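Undergrad: Here you go, this is start_8.cif (mmCIF, C-alpha atoms and all ligand atoms).
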```cif
data_my_file
loop_
_atom_site.group_PDB
_atom_site.id
_atom_site.type_symbol
_atom_site.label_atom_id
_atom_site.label_comp_id
_atom_site.auth_asym_id
_atom_site.auth_seq_id
_atom_site.Cartn_x
_atom_site.Cartn_y
_atom_site.Cartn_z
ATOM 1 C CA MET V 12 60.456 7.295 -48.528
ATOM 2 C CA ALA V 13 57.810 5.835 -46.332
ATOM 3 C CA THR V 14 57.780 6.583 -42.625
ATOM 4 C CA PHE V 15 55.852 4.222 -40.425
ATOM 5 C CA GLU V 16 54.622 5.101 -36.968
ATOM 6 C CA GLY V 17 52.139 3.506 -34.660
ATOM 7 C CA ARG V 18 49.036 5.497 -33.750
ATOM 8 C CA PHE V 19 47.190 5.669 -30.476
ATOM 9 C CA SER V 20 43.950 7.091 -31.773
ATOM 10 C CA ASP V 21 42.714 4.285 -33.988
ATOM 11 C CA ALA V 22 42.158 1.121 -32.038
ATOM 12 C CA SER V 23 39.525 -0.167 -34.461
ATOM 13 C CA GLY V 24 40.309 -3.586 -35.822
ATOM 14 C CA LEU V 25 42.672 -4.392 -32.971
ATOM 15 C CA ARG V 26 42.141 -7.465 -30.883
ATOM 16 C CA ILE V 27 44.373 -7.589 -27.834
ATOM 17 C CA GLY V 28 45.279 -10.478 -25.565
ATOM 18 C CA VAL V 29 46.529 -9.780 -22.043
ATOM 19 C CA ILE V 30 48.283 -12.527 -20.075
ATOM 20 C CA VAL V 31 48.665 -11.899 -16.341
ATOM 21 C CA ALA V 32 50.679 -13.775 -13.718
ATOM 22 C CA ARG V 33 48.874 -14.498 -10.438
ATOM 23 C CA PHE V 34 52.153 -14.605 -8.493
ATOM 24 C CA ASN V 35 52.406 -11.286 -6.625
ATOM 25 C CA ASP V 36 48.855 -10.510 -7.668
ATOM 26 C CA LEU V 37 48.800 -7.585 -5.265
ATOM 27 C CA VAL V 38 50.991 -5.989 -7.925
ATOM 28 C CA THR V 39 49.836 -7.675 -11.137
ATOM 29 C CA ALA V 40 46.129 -6.987 -10.535
ATOM 30 C CA LYS V 41 47.019 -3.299 -10.292
ATOM 31 C CA LEU V 42 49.066 -3.479 -13.487
ATOM 32 C CA LEU V 43 46.041 -5.075 -15.162
ATOM 33 C CA SER V 44 43.673 -2.372 -13.979
ATOM 34 C CA GLY V 45 46.050 0.365 -15.221
ATOM 35 C CA CYS V 46 46.351 -1.448 -18.521
ATOM 36 C CA LEU V 47 42.576 -1.814 -18.955
ATOM 37 C CA ASP V 48 42.002 1.816 -17.993
ATOM 38 C CA CYS V 49 44.385 2.979 -20.732
ATOM 39 C CA LEU V 50 42.896 0.636 -23.351
ATOM 40 C CA LYS V 51 39.378 1.780 -22.472
ATOM 41 C CA ARG V 52 40.343 5.438 -22.768
ATOM 42 C CA HIS V 53 41.769 4.735 -26.203
ATOM 43 C CA GLY V 54 38.572 3.219 -27.507
ATOM 44 C CA ILE V 55 39.038 -0.484 -26.810
ATOM 45 C CA ASP V 56 35.933 -2.261 -25.547
ATOM 46 C CA VAL V 57 37.054 -3.757 -22.232
ATOM 47 C CA SER V 58 33.640 -5.043 -21.161
ATOM 48 C CA ASP V 59 33.087 -8.683 -20.203
ATOM 49 C CA THR V 60 31.450 -9.308 -23.570
ATOM 50 C CA SER V 61 34.204 -7.579 -25.562
ATOM 51 C CA SER V 62 35.393 -9.151 -28.787
ATOM 52 C CA GLN V 63 38.422 -6.828 -28.754
ATOM 53 C CA LEU V 64 40.045 -8.007 -25.555
ATOM 54 C CA ASP V 65 40.759 -11.311 -23.825
ATOM 55 C CA VAL V 66 42.548 -11.791 -20.505
ATOM 56 C CA ALA V 67 44.299 -15.040 -19.544
ATOM 57 C CA TRP V 68 45.709 -15.693 -16.065
ATOM 58 C CA VAL V 69 48.768 -17.907 -15.505
ATOM 59 C CA PRO V 70 50.376 -19.090 -12.238
ATOM 60 C CA GLY V 71 53.573 -17.048 -12.528
ATOM 61 C CA SER V 72 55.770 -15.088 -14.902
ATOM 62 C CA PHE V 73 57.538 -18.283 -15.964
ATOM 63 C CA GLU V 74 54.291 -19.400 -17.634
ATOM 64 C CA LEU V 75 53.707 -16.165 -19.558
ATOM 65 C CA PRO V 76 55.522 -17.275 -22.752
ATOM 66 C CA ILE V 77 53.650 -20.536 -23.346
ATOM 67 C CA VAL V 78 50.258 -18.874 -23.127
ATOM 68 C CA ALA V 79 51.482 -15.957 -25.236
ATOM 69 C CA GLN V 80 52.609 -18.536 -27.776
ATOM 70 C CA GLN V 81 49.212 -20.245 -27.904
ATOM 71 C CA MET V 82 47.458 -16.905 -28.321
ATOM 72 C CA ALA V 83 49.937 -15.722 -30.976
ATOM 73 C CA ARG V 84 49.612 -18.964 -32.944
ATOM 74 C CA SER V 85 45.835 -18.592 -32.977
ATOM 75 C CA ARG V 86 46.341 -15.537 -35.253
ATOM 76 C CA GLN V 87 43.373 -13.966 -33.450
ATOM 77 C CA TYR V 88 45.350 -11.129 -31.828
ATOM 78 C CA GLN V 89 47.298 -8.260 -33.342
ATOM 79 C CA VAL V 90 49.171 -7.630 -30.113
ATOM 80 C CA LEU V 91 49.682 -9.323 -26.762
ATOM 81 C CA ILE V 92 50.595 -7.862 -23.371
ATOM 82 C CA THR V 93 52.262 -9.929 -20.648
ATOM 83 C CA LEU V 94 52.034 -8.706 -17.049
ATOM 84 C CA GLY V 95 54.030 -10.035 -14.119
ATOM 85 C CA ALA V 96 56.085 -9.024 -11.089
ATOM 86 C CA VAL V 97 59.301 -10.721 -10.018
ATOM 87 C CA ILE V 98 60.793 -9.429 -6.795
ATOM 88 C CA ARG V 99 64.459 -10.121 -6.162
ATOM 89 C CA GLY V 100 64.320 -9.926 -2.383
ATOM 90 C CA ASP V 101 61.784 -12.738 -2.170
ATOM 91 C CA THR V 102 63.020 -14.873 -5.031
ATOM 92 C CA PRO V 103 66.218 -16.917 -4.863
ATOM 93 C CA HIS V 104 65.675 -17.933 -8.505
ATOM 94 C CA PHE V 105 64.856 -14.370 -9.587
ATOM 95 C CA ASP V 106 67.327 -14.471 -12.484
ATOM 96 C CA VAL V 107 65.950 -17.748 -13.814
ATOM 97 C CA VAL V 108 62.327 -16.608 -13.782
ATOM 98 C CA VAL V 109 63.165 -13.233 -15.357
ATOM 99 C CA ALA V 110 65.443 -14.747 -18.009
ATOM 100 C CA GLU V 111 62.902 -17.386 -19.036
ATOM 101 C CA ALA V 112 60.036 -14.907 -19.122
ATOM 102 C CA SER V 113 61.927 -12.297 -21.120
ATOM 103 C CA LYS V 114 63.571 -14.707 -23.561
ATOM 104 C CA GLY V 115 60.335 -16.619 -23.995
ATOM 105 C CA VAL V 116 58.269 -13.532 -24.698
ATOM 106 C CA ALA V 117 60.818 -12.208 -27.206
ATOM 107 C CA THR V 118 60.927 -15.563 -28.994
ATOM 108 C CA VAL V 119 57.145 -15.780 -29.256
ATOM 109 C CA ALA V 120 56.980 -12.278 -30.704
ATOM 110 C CA ARG V 121 59.640 -12.886 -33.332
ATOM 111 C CA ASP V 122 58.564 -16.424 -34.266
ATOM 112 C CA ASN V 123 54.972 -15.379 -34.839
ATOM 113 C CA ALA V 124 55.408 -11.761 -35.968
ATOM 114 C CA VAL V 125 52.983 -10.717 -33.243
ATOM 115 C CA PRO V 126 54.256 -8.007 -30.888
ATOM 116 C CA VAL V 127 54.306 -9.150 -27.280
ATOM 117 C CA ILE V 128 54.760 -6.367 -24.746
ATOM 118 C CA PHE V 129 57.046 -7.336 -21.857
ATOM 119 C CA GLY V 130 55.185 -5.948 -18.884
ATOM 120 C CA VAL V 131 57.048 -7.810 -16.157
ATOM 121 C CA LEU V 132 58.236 -5.635 -13.300
ATOM 122 C CA THR V 133 61.616 -6.727 -11.953
ATOM 123 C CA THR V 134 62.367 -5.026 -8.672
ATOM 124 C CA ASP V 135 64.407 -5.503 -5.526
ATOM 125 C CA THR V 136 61.476 -4.986 -3.163
ATOM 126 C CA MET V 137 57.691 -5.262 -3.019
ATOM 127 C CA GLN V 138 57.592 -1.547 -2.206
ATOM 128 C CA GLN V 139 59.321 -0.701 -5.506
ATOM 129 C CA ALA V 140 56.929 -2.968 -7.390
ATOM 130 C CA LEU V 141 53.889 -1.343 -5.780
ATOM 131 C CA GLU V 142 55.246 2.102 -6.587
ATOM 132 C CA ARG V 143 55.376 1.128 -10.273
ATOM 133 C CA ALA V 144 51.934 -0.448 -10.169
ATOM 134 C CA GLY V 145 49.989 2.534 -8.917
ATOM 135 C CA ILE V 146 51.420 4.121 -5.790
ATOM 136 C CA LYS V 147 53.550 6.518 -7.858
ATOM 137 C CA SER V 148 52.688 5.644 -11.441
ATOM 138 C CA ASN V 149 51.105 2.619 -13.029
ATOM 139 C CA LEU V 150 53.294 1.002 -15.658
ATOM 140 C CA GLY V 151 50.281 -1.055 -16.763
ATOM 141 C CA TRP V 152 49.171 2.152 -18.485
ATOM 142 C CA SER V 153 52.468 2.452 -20.358
ATOM 143 C CA TYR V 154 52.405 -1.198 -21.417
ATOM 144 C CA ALA V 155 48.925 -0.670 -22.884
ATOM 145 C CA LEU V 156 50.131 2.398 -24.803
ATOM 146 C CA GLU V 157 53.068 0.422 -26.163
ATOM 147 C CA ALA V 158 50.664 -2.312 -27.233
ATOM 148 C CA LEU V 159 48.451 0.170 -29.078
ATOM 149 C CA GLU V 160 51.483 1.659 -30.791
ATOM 150 C CA MET V 161 52.927 -1.681 -31.838
ATOM 151 C CA GLY V 162 49.572 -3.163 -32.898
ATOM 152 C CA SER V 163 48.913 -0.167 -35.097
ATOM 153 C CA LEU V 164 52.470 -0.075 -36.476
ATOM 154 C CA MET V 165 52.372 -3.751 -37.451
ATOM 155 C CA LYS V 166 49.046 -3.182 -39.209
ATOM 156 C CA ALA V 167 50.536 -0.281 -41.163
ATOM 157 C CA LEU V 168 53.699 -2.074 -42.273
ATOM 158 C CA PRO V 169 53.749 -4.171 -45.442
ATOM 159 C CA SER V 170 53.134 -7.806 -44.614
ATOM 160 C CA ALA V 171 55.562 -10.595 -45.472
HETATM 161 N N1 LIG Q 1 56.692 -15.905 -10.367
HETATM 162 C C1 LIG Q 1 56.523 -14.560 -10.501
HETATM 163 O O1 LIG Q 1 55.805 -14.108 -11.408
HETATM 164 N N2 LIG Q 1 57.145 -13.718 -9.640
HETATM 165 C C2 LIG Q 1 57.935 -14.155 -8.643
HETATM 166 O O2 LIG Q 1 58.500 -13.307 -7.892
HETATM 167 C C3 LIG Q 1 58.113 -15.555 -8.477
HETATM 168 N N3 LIG Q 1 58.904 -16.092 -7.411
HETATM 169 O O3 LIG Q 1 59.173 -15.375 -6.426
HETATM 170 O O4 LIG Q 1 59.301 -17.259 -7.400
HETATM 171 C C4 LIG Q 1 57.470 -16.424 -9.380
HETATM 172 N N4 LIG Q 1 57.604 -17.772 -9.257
HETATM 173 C C5 LIG Q 1 56.710 -18.694 -9.876
HETATM 174 C C6 LIG Q 1 57.129 -19.058 -11.294
HETATM 175 O O5 LIG Q 1 56.874 -17.973 -12.163
HETATM 176 C C7 LIG Q 1 56.334 -20.250 -11.792
HETATM 177 O O6 LIG Q 1 54.957 -19.959 -11.759
HETATM 178 C C8 LIG Q 1 56.571 -21.526 -10.961
HETATM 179 O O7 LIG Q 1 57.960 -21.792 -10.874
HETATM 180 C C9 LIG Q 1 55.899 -22.745 -11.629
HETATM 181 O O8 LIG Q 1 56.438 -22.996 -12.917
#
```
Could you quickly redo this structure as structure tokens?
TA:
Amino acid sequence: MATFEGRFSDASGLRIGVIVARFNDLVTAKLLSGCLDCLKRHGIDVSDTSSQLDVAWVPGSFELPIVAQQMARSRQYQVLITLGAVIRGDTPHFDVVVAEASKGVATVARDNAVPVIFGVLTTDTMQQALERAGIKSNLGWSYALEALEMGSLMKALPSA
């Protein structure tokens, strides 16, 4: 019996793409900084000249899947992280944006066999979003950990 588990300690050989929505960037910029802090502390080079990390900005969460798709199809990245914030109170079409972002990200991951972390906060208020982006904890950190785990797990599994 083989047991496969992702590791957090061996980030060598991983190239990570992060896609961030500008909409609600008060929140998403904080998610990004939490995410980069975690990656850095796990050995990923997050400098401007890094060959292990690329960051792409999109207008809003609705656009996350198409850019994730382009990056996944390039076969240059072992794992992708999408970051966004959709706030129900301010968004009449909340359900549409969230549904498209989540379905799109899941489809890209499965179609390309590249894990895509769904780091889109969906909250009722801006206050709740800010609490999850640093005031209480920073979920950007958790999304980065999940990316490290999935990137490493996919590397360990037999390929198709
Ligand atoms: N995009 C978000 O990421 N969060 C939101 O809360 C939001 N609201 O409120 O509408 C939002 N809208 C923009 C959308 O993602 C697209 O960028 C836009 O519709 C253009 O396609």
Undergrad: To test the calculation: enclose all listed atoms of stretch 134-149 of chain V in a box whose edges run along x, y and z, add 8 Å on each side, then state centre and edge lengths in Å to one decimal, as JSON.
TA:
```
{"center_x": 57.2, "center_y": 0.5, "center_z": -7.6, "size_x": 30.4, "size_y": 28.0, "size_z": 26.8}
```
Undergrad: Using the chain letters and numbering of this document, enumerate as a PyMOL selection string the residues selected by the PyMOL selection byres (((chain V and resi 66) around 9) and not hetatm).
TA: chain V and resi 27-31+64-65+67-68
Undergrad: Can I get the selection written as a PDB file, in the coordinates of the input, with C-alpha atoms?
TA:
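Wrote again01.pdb, looks like this:
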```pdb
ATOM      1  CA  ILE V  27      44.373  -7.589 -27.834  1.00  0.00           C
ATOM      2  CA  GLY V  28      45.279 -10.478 -25.565  1.00  0.00           C
ATOM      3  CA  VAL V  29      46.529  -9.780 -22.043  1.00  0.00           C
ATOM      4  CA  ILE V  30      48.283 -12.527 -20.075  1.00  0.00           C
ATOM      5  CA  VAL V  31      48.665 -11.899 -16.341  1.00  0.00           C
ATOM      6  CA  LEU V  64      40.045  -8.007 -25.555  1.00  0.00           C
ATOM      7  CA  ASP V  65      40.759 -11.311 -23.825  1.00  0.00           C
ATOM      8  CA  ALA V  67      44.299 -15.040 -19.544  1.00  0.00           C
ATOM      9  CA  TRP V  68      45.709 -15.693 -16.065  1.00  0.00           C
TER      10      TRP V  68
END
```
Undergrad: May I ask you to write as an MDAnalysis selection string all residues lying at most 12 Å from ligand LIG 1 (chain Q), with all atoms listed in the file counted?
TA: chainID V and resid 30:39 68:77 93:113 130:137 140
Undergrad: Excluding same-chain residues fewer than 4 positions from V:Asp21, what lies within 10 Å of it counting all atoms listed in the file, as a list in words?
TA: Gly17, Leu25, His53, Gly54, Ile55, Leu159, Glu160 and Ser163 of chain V
Undergrad: Have a look at V:Ser44, V:Trp152, V:Ala167, V:Ala158 and name the one nearest to V:Val127; count only C-alpha atoms.
TA: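 Under the stated criterion, the closest residue is V:Ala158.
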Undergrad: On this structure, which residues satisfy the PyMOL selection byres (((chain V and resi 86) around 12) and not hetatm), written as an MDAnalysis selection string?
TA: chainID V and resid 25:28 79:85 87:91 123:126
Undergrad: So, counting only C-alpha atoms, which residue among V:Ser20, V:Ser61, V:Ser153, V:Gln138 is closest to V:Asp48?
TA: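 Going through V:Ser20, V:Ser61, V:Ser153, V:Gln138 one by one, the smallest distance to V:Asp48 is for V:Ser153.
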Undergrad: So how many Å separate atom CA of V:Ala22 and atom CA of V:Asn149, to one decimal?
TA: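 Atom-to-atom, atom CA of V:Ala22 to atom CA of V:Asn149, that is 21.1 Å.
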Undergrad: Can you measure atom CA of V:Ala120 to atom CA of V:Glu142 for me? One decimal in Å is fine.
TA: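 Separation between atom CA of V:Ala120 and atom CA of V:Glu142: 28.1 Å.
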Undergrad: How many Å lie between atom CA of V:Leu164 and atom CA of V:Ile128, rounded to one decimal?
TA: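 Computed distance, atom CA of V:Leu164 to atom CA of V:Ile128, equals 13.5 Å.
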Undergrad: Write out as a list of chain:residue names each polymer residue whose atoms come within 9 Å of V:Ala155, counting only C-alpha atoms; drop sequence neighbours fewer than 6 positions from it.
TA: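 What passes the distance filter is V:Gly45, V:Cys46, V:Leu47, V:Asp48, V:Cys49, V:Leu50, V:Ile92, V:Ile128.
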Undergrad: Could you check which of V:Gln63, V:Met12, V:Lys41, V:Arg18 is closest to V:Lys166, using all atoms listed in the file?
TA: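 Result for the nearest residue to V:Lys166: V:Arg18.
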Undergrad: Would you kindly place all heavy atoms on stretch 109-120 of chain V and return the model as a PDB file, in the coordinates of the input?
TA:
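Wrote result.pdb, looks like this:
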```pdb
ATOM      1  N   VAL V 109      63.132 -14.414 -14.474  1.00  0.00           N
ATOM      2  CA  VAL V 109      63.165 -13.233 -15.357  1.00  0.00           C
ATOM      3  C   VAL V 109      63.737 -13.602 -16.719  1.00  0.00           C
ATOM      4  O   VAL V 109      63.201 -13.199 -17.762  1.00  0.00           O
ATOM      5  CB  VAL V 109      63.988 -12.087 -14.721  1.00  0.00           C
ATOM      6  CG1 VAL V 109      64.164 -10.942 -15.702  1.00  0.00           C
ATOM      7  CG2 VAL V 109      63.316 -11.603 -13.447  1.00  0.00           C
ATOM      8  N   ALA V 110      64.812 -14.386 -16.725  1.00  0.00           N
ATOM      9  CA  ALA V 110      65.443 -14.747 -18.009  1.00  0.00           C
ATOM     10  C   ALA V 110      64.485 -15.563 -18.863  1.00  0.00           C
ATOM     11  O   ALA V 110      64.341 -15.309 -20.067  1.00  0.00           O
ATOM     12  CB  ALA V 110      66.732 -15.527 -17.760  1.00  0.00           C
ATOM     13  N   GLU V 111      63.821 -16.541 -18.248  1.00  0.00           N
ATOM     14  CA  GLU V 111      62.902 -17.386 -19.036  1.00  0.00           C
ATOM     15  C   GLU V 111      61.727 -16.576 -19.548  1.00  0.00           C
ATOM     16  O   GLU V 111      61.297 -16.732 -20.695  1.00  0.00           O
ATOM     17  CB  GLU V 111      62.421 -18.579 -18.198  1.00  0.00           C
ATOM     18  CG  GLU V 111      63.482 -19.617 -17.959  1.00  0.00           C
ATOM     19  CD  GLU V 111      64.159 -20.107 -19.236  1.00  0.00           C
ATOM     20  OE1 GLU V 111      63.471 -20.363 -20.234  1.00  0.00           O
ATOM     21  OE2 GLU V 111      65.396 -20.212 -19.243  1.00  0.00           O
ATOM     22  N   ALA V 112      61.194 -15.718 -18.703  1.00  0.00           N
ATOM     23  CA  ALA V 112      60.036 -14.907 -19.122  1.00  0.00           C
ATOM     24  C   ALA V 112      60.437 -13.971 -20.257  1.00  0.00           C
ATOM     25  O   ALA V 112      59.753 -13.888 -21.285  1.00  0.00           O
ATOM     26  CB  ALA V 112      59.477 -14.123 -17.934  1.00  0.00           C
ATOM     27  N   SER V 113      61.564 -13.294 -20.105  1.00  0.00           N
ATOM     28  CA  SER V 113      61.927 -12.297 -21.120  1.00  0.00           C
ATOM     29  C   SER V 113      62.343 -12.960 -22.422  1.00  0.00           C
ATOM     30  O   SER V 113      61.901 -12.556 -23.505  1.00  0.00           O
ATOM     31  CB  SER V 113      63.019 -11.353 -20.589  1.00  0.00           C
ATOM     32  OG  SER V 113      64.140 -12.092 -20.185  1.00  0.00           O
ATOM     33  N   LYS V 114      63.150 -14.015 -22.335  1.00  0.00           N
ATOM     34  CA  LYS V 114      63.571 -14.707 -23.561  1.00  0.00           C
ATOM     35  C   LYS V 114      62.360 -15.325 -24.256  1.00  0.00           C
ATOM     36  O   LYS V 114      62.207 -15.272 -25.463  1.00  0.00           O
ATOM     37  CB  LYS V 114      64.560 -15.840 -23.234  1.00  0.00           C
ATOM     38  CG  LYS V 114      66.011 -15.417 -23.249  1.00  0.00           C
ATOM     39  CD  LYS V 114      66.916 -16.644 -23.163  1.00  0.00           C
ATOM     40  CE  LYS V 114      66.667 -17.399 -21.866  1.00  0.00           C
ATOM     41  NZ  LYS V 114      67.347 -18.644 -21.653  1.00  0.00           N
ATOM     42  N   GLY V 115      61.506 -15.932 -23.439  1.00  0.00           N
ATOM     43  CA  GLY V 115      60.335 -16.619 -23.995  1.00  0.00           C
ATOM     44  C   GLY V 115      59.406 -15.652 -24.711  1.00  0.00           C
ATOM     45  O   GLY V 115      58.949 -15.919 -25.829  1.00  0.00           O
ATOM     46  N   VAL V 116      59.170 -14.526 -24.100  1.00  0.00           N
ATOM     47  CA  VAL V 116      58.269 -13.532 -24.698  1.00  0.00           C
ATOM     48  C   VAL V 116      58.866 -12.988 -26.004  1.00  0.00           C
ATOM     49  O   VAL V 116      58.179 -12.856 -27.016  1.00  0.00           O
ATOM     50  CB  VAL V 116      57.999 -12.401 -23.671  1.00  0.00           C
ATOM     51  CG1 VAL V 116      57.493 -11.149 -24.337  1.00  0.00           C
ATOM     52  CG2 VAL V 116      57.010 -12.885 -22.612  1.00  0.00           C
ATOM     53  N   ALA V 117      60.169 -12.730 -25.992  1.00  0.00           N
ATOM     54  CA  ALA V 117      60.818 -12.208 -27.206  1.00  0.00           C
ATOM     55  C   ALA V 117      60.762 -13.247 -28.326  1.00  0.00           C
ATOM     56  O   ALA V 117      60.516 -12.905 -29.494  1.00  0.00           O
ATOM     57  CB  ALA V 117      62.264 -11.831 -26.897  1.00  0.00           C
ATOM     58  N   THR V 118      60.956 -14.497 -27.981  1.00  0.00           N
ATOM     59  CA  THR V 118      60.927 -15.563 -28.994  1.00  0.00           C
ATOM     60  C   THR V 118      59.534 -15.701 -29.603  1.00  0.00           C
ATOM     61  O   THR V 118      59.377 -15.828 -30.816  1.00  0.00           O
ATOM     62  CB  THR V 118      61.356 -16.905 -28.353  1.00  0.00           C
ATOM     63  OG1 THR V 118      62.658 -16.730 -27.827  1.00  0.00           O
ATOM     64  CG2 THR V 118      61.367 -18.035 -29.366  1.00  0.00           C
ATOM     65  N   VAL V 119      58.521 -15.666 -28.752  1.00  0.00           N
ATOM     66  CA  VAL V 119      57.145 -15.780 -29.256  1.00  0.00           C
ATOM     67  C   VAL V 119      56.845 -14.646 -30.228  1.00  0.00           C
ATOM     68  O   VAL V 119      56.274 -14.849 -31.299  1.00  0.00           O
ATOM     69  CB  VAL V 119      56.132 -15.757 -28.085  1.00  0.00           C
ATOM     70  CG1 VAL V 119      54.705 -15.591 -28.593  1.00  0.00           C
ATOM     71  CG2 VAL V 119      56.254 -17.019 -27.253  1.00  0.00           C
ATOM     72  N   ALA V 120      57.268 -13.438 -29.852  1.00  0.00           N
ATOM     73  CA  ALA V 120      56.980 -12.278 -30.704  1.00  0.00           C
ATOM     74  C   ALA V 120      57.632 -12.453 -32.068  1.00  0.00           C
ATOM     75  O   ALA V 120      56.992 -12.311 -33.112  1.00  0.00           O
ATOM     76  CB  ALA V 120      57.467 -11.000 -30.026  1.00  0.00           C
TER      77      ALA V 120
END
```
